[in-house]
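File shown: start06.cif. Contents: mmCIF, C-alpha atoms.
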```cif
data_query
loop_
_atom_site.label_atom_id
_atom_site.label_comp_id
_atom_site.auth_asym_id
_atom_site.auth_seq_id
_atom_site.Cartn_x
_atom_site.Cartn_y
_atom_site.Cartn_z
CA MET A 1 40.25 8.35 -40.27
CA VAL A 2 43.95 8.90 -40.93
CA CYS A 3 46.26 6.19 -39.64
CA LEU A 4 49.53 7.74 -38.56
CA ARG A 5 52.53 5.57 -37.78
CA ASP A 6 52.00 5.80 -34.03
CA ASP A 7 48.21 5.57 -34.29
CA PRO A 8 46.36 2.43 -33.11
CA CYS A 9 44.95 2.00 -36.64
CA SER A 10 48.31 1.25 -38.20
CA TRP A 11 49.29 -0.82 -35.15
CA LEU A 12 46.13 -2.94 -35.44
CA LYS A 13 46.63 -3.51 -39.16
CA LYS A 14 50.15 -4.82 -38.57
CA VAL A 15 49.48 -6.95 -35.50
CA SER A 16 46.18 -8.44 -36.70
CA ALA A 17 47.96 -9.57 -39.88
CA GLU A 18 50.54 -11.33 -37.68
CA VAL A 19 47.80 -13.00 -35.65
CA ILE A 20 45.96 -14.22 -38.76
CA LYS A 21 49.17 -15.57 -40.24
CA GLU A 22 50.61 -17.20 -37.10
CA LEU A 23 47.64 -18.35 -35.01
CA PRO A 24 45.05 -20.81 -36.33
CA LEU A 25 41.52 -19.74 -35.41
CA THR A 26 39.31 -22.37 -33.77
CA LYS A 27 35.68 -22.76 -34.85
CA ARG A 28 34.91 -24.48 -31.55
CA TYR A 29 35.48 -21.22 -29.70
CA SER A 30 33.86 -19.02 -32.40
CA GLN A 31 37.19 -17.19 -32.75
CA HIS A 32 37.30 -14.00 -34.82
CA VAL A 33 40.05 -11.37 -34.84
CA MET A 34 39.17 -7.67 -34.58
CA VAL A 35 40.66 -5.89 -37.62
CA ASP A 36 38.73 -2.59 -37.50
CA CYS A 37 40.23 0.26 -35.48
CA LYS A 38 36.86 2.09 -35.51
CA LEU A 39 35.43 -0.66 -33.31
CA GLY A 40 38.43 -0.41 -30.98
CA TYR A 41 37.88 3.35 -30.71
CA LEU A 42 34.16 2.82 -29.95
CA PHE A 43 35.02 0.55 -27.04
CA ARG A 44 37.65 2.96 -25.76
CA GLU A 45 35.50 6.07 -26.03
CA ASN A 46 32.49 4.48 -24.36
CA LEU A 47 34.52 3.08 -21.48
CA SER A 48 36.03 6.54 -20.96
CA ARG A 49 32.56 8.09 -21.07
CA LEU A 50 31.36 5.73 -18.34
CA ASN A 51 34.35 6.77 -16.20
CA VAL A 52 34.87 3.21 -14.92
CA ARG A 53 38.01 2.49 -12.93
CA SER A 54 38.37 -1.24 -13.59
CA ALA A 55 37.15 -3.78 -16.14
CA VAL A 56 37.39 -7.43 -17.11
CA GLU A 57 37.66 -8.40 -20.77
CA ILE A 58 36.09 -11.81 -21.41
CA GLY A 59 37.64 -13.71 -24.32
CA ALA A 60 40.52 -11.27 -24.75
CA GLY A 61 42.05 -13.40 -27.51
CA PRO A 62 45.46 -12.15 -28.69
CA GLY A 63 44.99 -8.78 -26.98
CA LEU A 64 43.98 -6.55 -29.90
CA LEU A 65 40.98 -4.97 -28.16
CA THR A 66 42.94 -5.08 -24.90
CA LYS A 67 45.51 -2.71 -26.36
CA PHE A 68 42.78 -0.24 -27.37
CA ILE A 69 40.98 -0.11 -24.04
CA LYS A 70 43.87 -0.34 -21.56
CA ASP A 71 44.14 3.44 -21.19
CA SER A 72 40.40 3.83 -20.50
CA VAL A 73 40.64 2.19 -17.07
CA ASN A 74 43.05 2.09 -14.16
CA TYR A 75 43.07 -1.69 -14.06
CA LEU A 76 42.14 -4.28 -16.70
CA ILE A 77 41.90 -8.06 -16.34
CA ALA A 78 42.16 -9.77 -19.74
CA VAL A 79 40.73 -13.30 -19.54
CA GLU A 80 41.46 -15.93 -22.19
CA LEU A 81 41.08 -19.71 -22.25
CA ASP A 82 43.02 -20.54 -25.44
CA ILE A 83 46.72 -21.00 -24.62
CA LYS A 84 48.00 -19.83 -28.02
CA PHE A 85 46.10 -16.55 -27.70
CA LEU A 86 47.13 -16.22 -24.08
CA LYS A 87 50.84 -16.46 -24.91
CA PHE A 88 50.55 -13.98 -27.79
CA GLY A 89 48.47 -11.52 -25.76
CA SER A 90 50.74 -11.77 -22.73
CA ARG A 91 53.72 -10.77 -24.88
CA LEU A 92 51.75 -8.00 -26.51
CA ILE A 93 50.84 -6.28 -23.25
CA SER A 94 53.85 -7.35 -21.17
CA GLU A 95 54.92 -3.72 -20.65
CA GLU A 96 51.44 -2.49 -19.64
CA PRO A 97 51.47 -2.16 -15.82
CA ASN A 98 47.70 -1.89 -15.47
CA VAL A 99 46.84 -5.07 -17.44
CA GLU A 100 46.76 -8.59 -16.04
CA TYR A 101 46.40 -11.47 -18.52
CA LEU A 102 44.68 -14.43 -16.93
CA MET A 103 44.10 -17.94 -18.28
CA SER A 104 40.59 -18.82 -17.17
CA ASP A 105 37.06 -19.62 -18.29
CA GLY A 106 35.49 -16.17 -18.30
CA LEU A 107 31.99 -17.44 -17.56
CA LYS A 108 33.12 -19.43 -14.53
CA LEU A 109 35.06 -16.41 -13.31
CA LEU A 110 31.96 -14.22 -13.53
CA ASP A 111 29.82 -16.88 -11.86
CA SER A 112 32.28 -17.17 -8.98
CA LYS A 113 31.51 -13.53 -8.05
CA VAL A 114 35.13 -12.96 -7.00
CA LEU A 115 35.62 -10.11 -9.49
CA ARG A 116 35.41 -6.59 -8.11
CA VAL A 117 35.33 -4.56 -11.29
CA ASP A 118 33.10 -1.85 -12.73
CA ALA A 119 32.58 -3.23 -16.24
CA VAL A 120 32.61 -6.35 -18.41
CA VAL A 121 33.99 -5.89 -21.92
CA SER A 122 33.87 -8.45 -24.71
CA ASN A 123 33.97 -9.02 -28.43
CA THR A 124 31.63 -11.84 -27.55
CA PRO A 125 32.01 -15.25 -29.19
CA TYR A 126 28.53 -15.76 -30.63
CA SER A 127 28.29 -19.29 -29.24
CA LEU A 128 28.61 -17.90 -25.69
CA THR A 129 26.07 -15.06 -25.98
CA GLY A 130 23.27 -16.52 -23.86
CA PRO A 131 25.45 -17.85 -21.02
CA LEU A 132 27.52 -14.65 -20.98
CA LEU A 133 24.45 -12.42 -20.65
CA ALA A 134 23.12 -14.57 -17.79
CA SER A 135 26.49 -14.48 -16.02
CA ILE A 136 26.74 -10.70 -16.39
CA VAL A 137 23.25 -10.15 -14.98
CA LYS A 138 23.98 -12.38 -11.97
CA SER A 139 27.46 -10.92 -11.36
CA ASN A 140 26.07 -7.54 -10.23
CA ILE A 141 28.86 -5.77 -12.13
CA PRO A 142 27.51 -2.29 -12.96
CA TYR A 143 28.22 -2.11 -16.72
CA ALA A 144 28.82 -4.32 -19.74
CA LEU A 145 30.02 -3.26 -23.20
CA LEU A 146 29.66 -6.08 -25.71
CA THR A 147 29.56 -6.87 -29.39
CA LEU A 148 26.59 -9.16 -30.03
CA GLN A 149 24.86 -10.44 -33.11
CA LYS A 150 22.59 -7.74 -34.55
CA GLU A 151 19.52 -9.90 -33.99
CA VAL A 152 20.43 -10.42 -30.33
CA GLY A 153 21.19 -6.76 -29.69
CA GLU A 154 17.86 -5.71 -31.20
CA ARG A 155 16.07 -8.39 -29.20
CA LEU A 156 17.49 -7.01 -25.94
CA VAL A 157 16.20 -3.48 -26.60
CA ALA A 158 12.81 -4.64 -27.95
CA GLU A 159 9.52 -3.27 -26.63
CA PRO A 160 6.69 -5.42 -25.24
CA GLY A 161 4.42 -6.67 -28.03
CA SER A 162 7.08 -6.51 -30.72
CA ARG A 163 8.21 -9.51 -32.73
CA SER A 164 11.71 -9.47 -31.19
CA TYR A 165 10.48 -9.28 -27.60
CA GLY A 166 11.14 -12.51 -25.74
CA ARG A 167 12.58 -14.33 -22.75
CA ALA A 168 16.08 -12.85 -23.03
CA THR A 169 14.61 -9.35 -23.36
CA VAL A 170 12.62 -9.62 -20.15
CA PHE A 171 15.39 -11.30 -18.19
CA VAL A 172 18.01 -8.66 -19.05
CA GLN A 173 15.63 -5.68 -18.84
CA ASN A 174 14.63 -6.66 -15.30
CA PHE A 175 18.17 -5.86 -14.13
CA MET A 176 19.97 -3.78 -16.76
CA LYS A 177 19.07 -1.08 -19.27
CA PRO A 178 20.32 -2.06 -22.75
CA GLU A 179 21.39 0.54 -25.32
CA ILE A 180 22.66 -0.04 -28.86
CA ILE A 181 25.71 2.17 -29.32
CA ASP A 182 26.36 1.33 -32.97
CA TYR A 183 26.11 -1.34 -35.65
CA VAL A 184 29.25 -3.29 -36.53
CA SER A 185 30.01 -4.57 -40.03
CA PRO A 186 31.14 -8.18 -40.57
CA THR A 187 34.33 -6.72 -42.08
CA SER A 188 35.33 -5.52 -38.61
CA PHE A 189 36.45 -9.10 -37.90
CA TYR A 190 38.48 -11.85 -39.53
CA PRO A 191 37.12 -14.19 -40.65
CA PRO A 192 34.06 -12.02 -41.22
CA PRO A 193 30.93 -13.50 -39.61
CA LYS A 194 27.87 -13.98 -41.80
CA VAL A 195 25.83 -11.37 -39.93
CA TRP A 196 26.17 -7.79 -38.67
CA SER A 197 26.77 -7.14 -34.98
CA THR A 198 25.82 -4.44 -32.49
CA LEU A 199 27.94 -2.74 -29.87
CA LEU A 200 25.63 -2.91 -26.87
CA LEU A 201 25.89 -1.14 -23.52
CA LEU A 202 24.19 -2.59 -20.44
CA ARG A 203 23.72 -0.33 -17.39
CA ARG A 204 22.65 -1.95 -14.14
CA TYR A 205 19.75 -0.45 -12.20
CA ARG A 206 18.86 -3.43 -10.02
CA VAL A 207 20.98 -6.06 -8.28
CA TRP A 208 20.52 -9.81 -8.66
CA ARG A 209 19.33 -11.50 -5.47
CA GLU A 210 19.09 -15.17 -4.56
CA GLU A 211 15.29 -15.05 -4.74
CA ASP A 212 15.51 -13.91 -8.36
CA GLU A 213 16.11 -17.54 -9.32
CA THR A 214 12.33 -17.82 -9.10
CA LEU A 215 11.94 -14.83 -11.41
CA GLU A 216 14.21 -16.48 -13.96
CA LYS A 217 12.10 -19.65 -13.81
CA LEU A 218 8.89 -17.62 -14.11
CA ILE A 219 10.14 -15.84 -17.24
CA LYS A 220 11.16 -19.14 -18.81
CA CYS A 221 7.81 -20.73 -18.01
CA LEU A 222 5.81 -17.78 -19.38
CA PHE A 223 7.72 -17.48 -22.63
CA ASN A 224 7.38 -21.15 -23.45
CA GLN A 225 3.89 -20.04 -24.51
CA ARG A 226 4.57 -16.42 -25.46
CA ARG A 227 1.52 -15.92 -27.72
CA LYS A 228 -1.09 -17.32 -25.32
CA LYS A 229 -3.37 -15.19 -23.17
CA ALA A 230 -1.24 -14.14 -20.23
CA LEU A 231 -3.80 -14.58 -17.44
CA LYS A 232 -4.12 -18.34 -17.96
CA ILE A 233 -0.38 -18.92 -18.47
CA VAL A 234 0.61 -16.82 -15.45
CA LYS A 235 -1.73 -18.82 -13.22
CA GLU A 236 -0.28 -22.09 -14.54
CA CYS A 237 3.31 -20.93 -14.02
CA VAL A 238 2.64 -19.55 -10.55
CA ASP A 239 1.04 -22.86 -9.54
CA LYS A 240 4.22 -24.67 -10.63
CA LEU A 241 6.65 -22.32 -8.91
CA SER A 242 5.01 -21.15 -5.72
CA PRO A 243 2.78 -22.49 -2.94
CA ARG A 244 1.12 -19.09 -2.84
CA ARG A 245 -2.10 -18.74 -4.84
CA LEU A 246 -2.99 -15.42 -6.42
CA GLU A 247 -6.53 -14.18 -6.79
CA GLU A 248 -7.68 -13.84 -10.40
CA SER A 249 -8.78 -10.26 -9.71
CA GLU A 250 -5.29 -9.50 -8.38
CA LEU A 251 -3.70 -10.80 -11.58
CA ARG A 252 -6.27 -9.22 -13.89
CA ASN A 253 -5.45 -5.79 -12.48
CA LEU A 254 -1.82 -6.34 -13.55
CA ILE A 255 -2.34 -8.19 -16.82
CA GLY A 256 -5.73 -7.31 -18.26
CA GLU A 257 -6.32 -9.10 -21.57
CA LYS A 258 -2.70 -9.05 -22.71
CA ARG A 259 -0.82 -11.97 -24.19
CA VAL A 260 2.46 -13.11 -22.66
CA TYR A 261 4.68 -11.30 -25.18
CA GLU A 262 2.87 -8.03 -24.38
CA LEU A 263 3.81 -8.09 -20.68
CA SER A 264 6.53 -5.62 -19.71
CA ALA A 265 9.56 -6.63 -17.67
CA SER A 266 8.25 -4.55 -14.76
CA THR A 267 4.86 -6.31 -14.87
CA ILE A 268 6.48 -9.75 -14.76
CA ASN A 269 8.65 -8.60 -11.88
CA ALA A 270 5.53 -7.36 -10.07
CA ILE A 271 4.02 -10.86 -10.42
CA HIS A 272 7.25 -12.31 -9.05
CA GLU A 273 7.12 -9.94 -6.06
CA LEU A 274 3.56 -11.05 -5.33
CA ILE A 275 4.48 -14.73 -5.18
CA THR A 276 7.68 -14.27 -3.18
CA SER A 277 6.64 -11.55 -0.72
CA LYS A 278 6.02 -12.70 2.84
#
```
Encoded form (structure tokens):
Amino acid sequence: MVCLRDDPCSWLKKVSAEVIKELPLTKRYSQHVMVDCKLGYLFRENLSRLNVRSAVEIGAGPGLLTKFIKDSVNYLIAVELDIKFLKFGSRLISEEPNVEYLMSDGLKLLDSKVLRVDAVVSNTPYSLTGPLLASIVKSNIPYALLTLQKEVGERLVAEPGSRSYGRATVFVQNFMKPEIIDYVSPTSFYPPPKVWSTLLLLRRYRVWREEDETLEKLIKCLFNQRRKKALKIVKECVDKLSPRRLEESELRNLIGEKRVYELSASTINAIHELITSK
């Protein structure tokens, strides 16, 4: 990829060097600076492909990814909690009419459900991965485009019965279809993390409802004993979570002789529908 003077590659090289030199990175917030224009292009191209009109960037930092993706949407909210990054990013995009820089806790903003956007975008701080995924699922925002640890990305696309298949897999797959777009080298960030990442796309196919709190509890209960025979564990979990009792024959038709980690997301949702239906 040739970096011309007016190309984002040369721009990123210059500005990221300024950020690294001028702004101390905080371990508490798992702060890493994007230094790879290929990753910026991947975000931009995939947002354009989705044809979304508006997006929120969680953990926008000093605005490096913000600058890449601003032309992919009509309106972009860049959310950052660290004041030093906020000031730098605000200056960086001060002349961009479609970008609003906002000092806020991105997770609380998602949980408030006040955002009316089409997509969540984030070079996700690894320490926030679990809470961010839960907040995205419950926000009912249609898409999310995220960099996640390679292990986490592969866990979210795992198939029932595989070693990586677990609680997070089932929870996310009940509401959104995950797709690994590409693998991201540690050298795409400064300081480089110790592991590779994935660029992951989540597409919503089902909305979160208030009654899905019970589904979340059911998944957690089941996967506390993921290798046990599912029939016994399902009955135990249902007894804890619901006054409704399910016939063993009813459950056996759904589960058979499978173990918990072999149950598909749709099967677990079917169990949830049985215990919550009137």
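Counting from atom CA of A:Phe223, the distance to atom CA of A:Ser112 is 28.1 Å.
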Problem set entry | Pick from A:Arg49, A:Arg252, A:Lys13, A:Lys258, whichever lies nearest to A:Ser72 using all atoms listed in the file |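 For A:Ser72, the nearest of the given residues is A:Arg49.
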Using all atoms listed in the file, what does the table of stretch 118-181 of chain A residues within 12 Å of stretch 190-195 of chain A look like, with each row giving the shortest atom pair and its distance in Å to one decimal, sorted by chain and ascending number, as CSV?
```
residue,atom,partner,partner_atom,distance
A:Pro125,CA,A:Pro193,CA,10.6
A:Tyr126,CA,A:Pro193,CA,9.6
A:Leu148,CA,A:Val195,CA,10.2
A:Gln149,CA,A:Val195,CA,7.0
A:Lys150,CA,A:Val195,CA,7.3
A:Glu151,CA,A:Val195,CA,8.8
A:Val152,CA,A:Val195,CA,11.1
```
Residues near A:Leu215, anyone? I mean within 9 Å using all atoms listed in the file, not counting same-chain ones fewer than 5 positions away, as a PDB file with C-alpha atoms, in the coordinates of the input.
```
ATOM      1  CA  PHE A 171      15.390 -11.300 -18.190  1.00  0.00           C
ATOM      2  CA  LYS A 220      11.160 -19.140 -18.810  1.00  0.00           C
ATOM      3  CA  ILE A 268       6.480  -9.750 -14.760  1.00  0.00           C
ATOM      4  CA  ASN A 269       8.650  -8.600 -11.880  1.00  0.00           C
ATOM      5  CA  ILE A 271       4.020 -10.860 -10.420  1.00  0.00           C
ATOM      6  CA  HIS A 272       7.250 -12.310  -9.050  1.00  0.00           C
ATOM      7  CA  GLU A 273       7.120  -9.940  -6.060  1.00  0.00           C
TER       8      GLU A 273
END
```
Problem set entry | the PyMOL selection byres ((chain A and resi 102-108) around 10) applied to the shown file, residues as a count of residues only | 31
